[in-house]
Amino acid sequence: MFKREYHCLVAGLPDLVLERDVKNFDFKTLVRDVYDRTSEQDQMYIRELFLEYDFMNFLRILRDRDDLFIDKGFYSLEFFKERLDVLKEHPELLADEIPEHLLDIVRRFLLVQEVDDQTDAHLDMASFTRLRFYQRVEKSGNRFIRSWFQFDHLLRNIQSAWMCRKLNKSVQKQLVGYSEEIEFFVKNNLPDFGLRHEISLGEQIFGLFEESETLDILEREFRFDQIRWQMADELTIFNYFDMDKVLAFLAKADILDRWLNLDKERGTELFDGFVKNLVELKNKNL
């Protein structure tokens, strides 16, 4: 298949450095400029790169948590609000406006509202949403998209499994994936789950776990994003001017933007809340 190359676009992209005090960085303007200078087919890949935000935003809006809305997806907050009543009552009426993989989130959400144990329902809904997202992007026609999110999926599961092991709690409900993938983490008792030498950047990932006792939560998460940044470079080491190179640039821009907009107080609150939820679940399972 013919792959379009963007010599002028790539040559004109700014150099990005993952630091938390970068000045004059306008993520939205940057993405819009890149989007407007790519083909219609490649624009679809840019939308896929940020599709995760649409998935999670759908769930947040359904839960009336528009305060958590992240304006990086294809659908705006106004789009959701104008259709919220219909989404909650007759989602099938929006089939012409919203793709099936997102309407599937709505149907599942309406189903779990009938569950008595809302703690488990909450966890199940979040895991279901993320799994549907990974299932969608693994079908992408772009190699970078598939590889990037395969790595993201694995890294998130490794982080969750490591945290569960540290808290001596059940792994199954915290991981996202197919049963055989989850079973791998459940049954593997090795400190590195047998993955250190089997996956890309395994040494860096498990080296960071070994060092993590000396790091605060924010610093550890920042270091994991440094690993993601490195993966974006590794996936495009032999790509110079094609769409994969452009997508890797946008993936890194997204990481940088996230840290520039995450103040220390809010970040600590978010990550402390994550740990608190895990501890509460551990106590519940005792």
# chains A, B, ... in the order shown; residues from 1 in each chain; ligands from 1

call {"tool": "residues_around", "arguments": {"residues": "range 51-59 of chain A", "least_positions_apart": "2", "cutoff": "7 Å", "atoms": "only C-alpha atoms", "output": "number ranges by chain"}}
result
A: 47-49, 61-63, 69-70, 72-75, 102, 129, 133

call {"tool": "residues_around", "arguments": {"residues": "Leu260 in chain A", "least_positions_apart": "2", "cutoff": "7 Å", "atoms": "only C-alpha atoms", "output": "MDAnalysis selection string"}}
result
chainID A and resid 20:21 256:258 262

call {"tool": "atom_distance", "arguments": {"atom1": "CA of Pro99 in chain A", "atom2": "CA of Gln43 in chain A"}}
result
16.8 Å

call {"tool": "residues_around", "arguments": {"residues": "Asp233 in chain A", "least_positions_apart": "6", "cutoff": "12 Å", "atoms": "only C-alpha atoms", "output": "list in words"}}
result
Leu16, Phe144, Trp148, Leu201, Gln226, Ile227, Asn239, Tyr240, Asp244, Lys245, Val246, Leu247, Ala248, Phe249, Leu250, Ala251 and Lys252 of chain A

call {"tool": "select_by_dssp", "arguments": {"residues": "range 60-276 of chain A", "states": "alpha helix (DSSP H)", "output": "PyMOL selection string"}}
result
chain A and resi 60-62+77-89+100-112+118-137+143-166+179-187+202-211+217-234+243-260+264-276

call {"tool": "write_last_selection", "arguments": {"atoms": "C-alpha atoms", "output": "tab-separated table (two decimals), in the first residue's frame"}}
result
chain	number	residue	atom	x	y	z
A	60	ARG	CA	-17.50	10.53	32.05
A	61	ILE	CA	-20.47	12.30	30.48
A	62	LEU	CA	-22.75	9.34	31.13
A	77	LEU	CA	-18.39	18.55	25.29
A	78	GLU	CA	-21.24	20.45	23.62
A	79	PHE	CA	-21.85	17.50	21.28
A	80	PHE	CA	-22.30	15.20	24.27
A	81	LYS	CA	-24.49	17.58	26.26
A	82	GLU	CA	-26.85	18.21	23.36
A	83	ARG	CA	-27.43	14.48	22.98
A	84	LEU	CA	-27.16	13.28	26.56
A	85	ASP	CA	-30.86	12.65	27.13
A	86	VAL	CA	-31.13	10.66	23.92
A	87	LEU	CA	-27.97	8.71	24.77
A	88	LYS	CA	-29.43	7.64	28.10
A	89	GLU	CA	-32.87	6.79	26.74
A	100	GLU	CA	-20.94	1.51	16.99
A	101	HIS	CA	-17.88	1.07	19.22
A	102	LEU	CA	-18.88	4.15	21.23
A	103	LEU	CA	-22.58	3.33	21.35
A	104	ASP	CA	-21.51	-0.02	22.81
A	105	ILE	CA	-20.18	1.89	25.83
A	106	VAL	CA	-23.57	3.53	26.28
A	107	ARG	CA	-25.43	0.23	26.13
A	108	ARG	CA	-23.11	-1.33	28.70
A	109	PHE	CA	-23.45	1.70	30.98
A	110	LEU	CA	-27.25	1.48	30.92
A	111	LEU	CA	-27.00	-2.21	31.73
A	112	VAL	CA	-24.73	-1.82	34.77
A	118	GLN	CA	-21.94	0.00	42.31
A	119	THR	CA	-18.28	-0.32	43.37
A	120	ASP	CA	-17.83	-3.43	41.26
A	121	ALA	CA	-20.00	-1.96	38.52
A	122	HIS	CA	-17.83	1.15	38.45
A	123	LEU	CA	-14.66	-0.89	38.05
A	124	ASP	CA	-16.25	-3.17	35.46
A	125	MET	CA	-17.47	-0.22	33.40
A	126	ALA	CA	-14.06	1.46	33.36
A	127	SER	CA	-12.32	-1.79	32.39
A	128	PHE	CA	-14.95	-2.52	29.73
A	129	THR	CA	-14.49	0.93	28.21
A	130	ARG	CA	-10.73	0.66	28.04
A	131	LEU	CA	-10.90	-2.89	26.63
A	132	ARG	CA	-13.29	-1.78	23.89
A	133	PHE	CA	-10.86	1.00	23.06
A	134	TYR	CA	-7.92	-1.41	22.74
A	135	GLN	CA	-10.03	-3.77	20.64
A	136	ARG	CA	-10.84	-0.88	18.30
A	137	VAL	CA	-7.30	0.38	17.78
A	143	ARG	CA	1.31	0.11	12.13
A	144	PHE	CA	2.29	2.80	14.63
A	145	ILE	CA	-1.24	3.02	16.08
A	146	ARG	CA	-1.40	-0.74	16.59
A	147	SER	CA	2.08	-1.02	18.12
A	148	TRP	CA	1.78	2.12	20.26
A	149	PHE	CA	-1.40	1.01	21.98
A	150	GLN	CA	-0.28	-2.62	22.29
A	151	PHE	CA	2.63	-1.28	24.32
A	152	ASP	CA	0.40	1.09	26.29
A	153	HIS	CA	-1.98	-1.77	27.09
A	154	LEU	CA	0.81	-4.03	28.29
A	155	LEU	CA	2.50	-1.30	30.32
A	156	ARG	CA	-0.73	-0.38	32.10
A	157	ASN	CA	-1.37	-4.02	32.97
A	158	ILE	CA	2.18	-4.47	34.26
A	159	GLN	CA	1.77	-1.38	36.46
A	160	SER	CA	-1.58	-2.60	37.81
A	161	ALA	CA	-0.29	-6.14	38.43
A	162	TRP	CA	2.77	-4.79	40.23
A	163	MET	CA	0.61	-2.55	42.43
A	164	CYS	CA	-1.76	-5.43	43.23
A	165	ARG	CA	1.16	-7.64	44.18
A	166	LYS	CA	2.57	-4.90	46.38
A	179	SER	CA	-8.91	-13.85	30.08
A	180	GLU	CA	-5.71	-15.55	28.88
A	181	GLU	CA	-3.77	-12.28	29.20
A	182	ILE	CA	-5.02	-11.71	32.73
A	183	GLU	CA	-4.36	-15.34	33.65
A	184	PHE	CA	-0.72	-14.85	32.71
A	185	PHE	CA	-0.27	-12.23	35.44
A	186	VAL	CA	-2.34	-14.22	37.94
A	187	LYS	CA	-0.23	-17.37	37.66
A	202	GLY	CA	11.68	-4.34	29.66
A	203	GLU	CA	14.93	-3.44	31.42
A	204	GLN	CA	13.83	0.17	31.84
A	205	ILE	CA	10.33	-0.78	32.99
A	206	PHE	CA	11.33	-3.24	35.69
A	207	GLY	CA	14.38	-1.20	36.66
A	208	LEU	CA	11.98	1.63	37.43
A	209	PHE	CA	9.85	-0.67	39.59
A	210	GLU	CA	12.94	-1.64	41.56
A	211	GLU	CA	13.77	2.03	42.05
A	217	ILE	CA	4.01	8.83	42.88
A	218	LEU	CA	4.21	11.76	40.48
A	219	GLU	CA	7.90	11.22	39.78
A	220	ARG	CA	7.31	7.54	39.11
A	221	GLU	CA	4.50	8.30	36.67
A	222	PHE	CA	6.67	10.89	34.95
A	223	ARG	CA	9.39	8.30	34.52
A	224	PHE	CA	6.89	5.86	33.01
A	225	ASP	CA	5.93	8.53	30.51
A	226	GLN	CA	9.61	8.91	29.68
A	227	ILE	CA	9.55	5.21	28.78
A	228	ARG	CA	6.49	5.80	26.57
A	229	TRP	CA	8.36	8.69	24.94
A	230	GLN	CA	11.29	6.39	24.23
A	231	MET	CA	8.94	3.78	22.75
A	232	ALA	CA	7.53	6.37	20.33
A	233	ASP	CA	11.08	6.93	19.08
A	234	GLU	CA	11.86	3.21	18.88
A	243	MET	CA	2.75	9.18	8.75
A	244	ASP	CA	4.21	6.97	11.47
A	245	LYS	CA	6.78	9.68	12.17
A	246	VAL	CA	4.03	12.29	12.36
A	247	LEU	CA	1.96	10.13	14.72
A	248	ALA	CA	4.96	9.49	16.98
A	249	PHE	CA	5.48	13.26	17.19
A	250	LEU	CA	1.82	13.81	18.13
A	251	ALA	CA	1.95	11.00	20.72
A	252	LYS	CA	4.91	12.69	22.38
A	253	ALA	CA	3.20	16.08	22.15
A	254	ASP	CA	0.23	14.58	23.98
A	255	ILE	CA	2.48	13.29	26.78
A	256	LEU	CA	4.18	16.68	27.09
A	257	ASP	CA	0.85	18.53	27.15
A	258	ARG	CA	-0.46	16.26	29.90
A	259	TRP	CA	2.44	17.13	32.19
A	260	LEU	CA	2.39	20.83	31.40
A	264	LYS	CA	1.64	19.10	41.45
A	265	GLU	CA	-1.28	19.52	43.84
A	266	ARG	CA	-3.86	18.14	41.39
A	267	GLY	CA	-1.54	15.35	40.29
A	268	THR	CA	-0.90	14.23	43.85
A	269	GLU	CA	-4.65	14.24	44.50
A	270	LEU	CA	-5.32	12.07	41.45
A	271	PHE	CA	-2.66	9.50	42.16
A	272	ASP	CA	-3.40	9.38	45.89
A	273	GLY	CA	-7.00	8.69	44.97
A	274	PHE	CA	-5.91	5.82	42.76
A	275	VAL	CA	-3.90	4.23	45.56
A	276	LYS	CA	-6.73	4.82	48.07

call {"tool": "residues_around", "arguments": {"residues": "Asp33 in chain A", "least_positions_apart": "6", "cutoff": "12 Å", "atoms": "only C-alpha atoms", "output": "PyMOL selection string"}}
result
chain A and resi 9-10+12-13+26-27+43+46+246+250

call {"tool": "atom_distance", "arguments": {"atom1": "CA of Tyr6 in chain A", "atom2": "CA of Ser39 in chain A"}}
result
9.9 Å
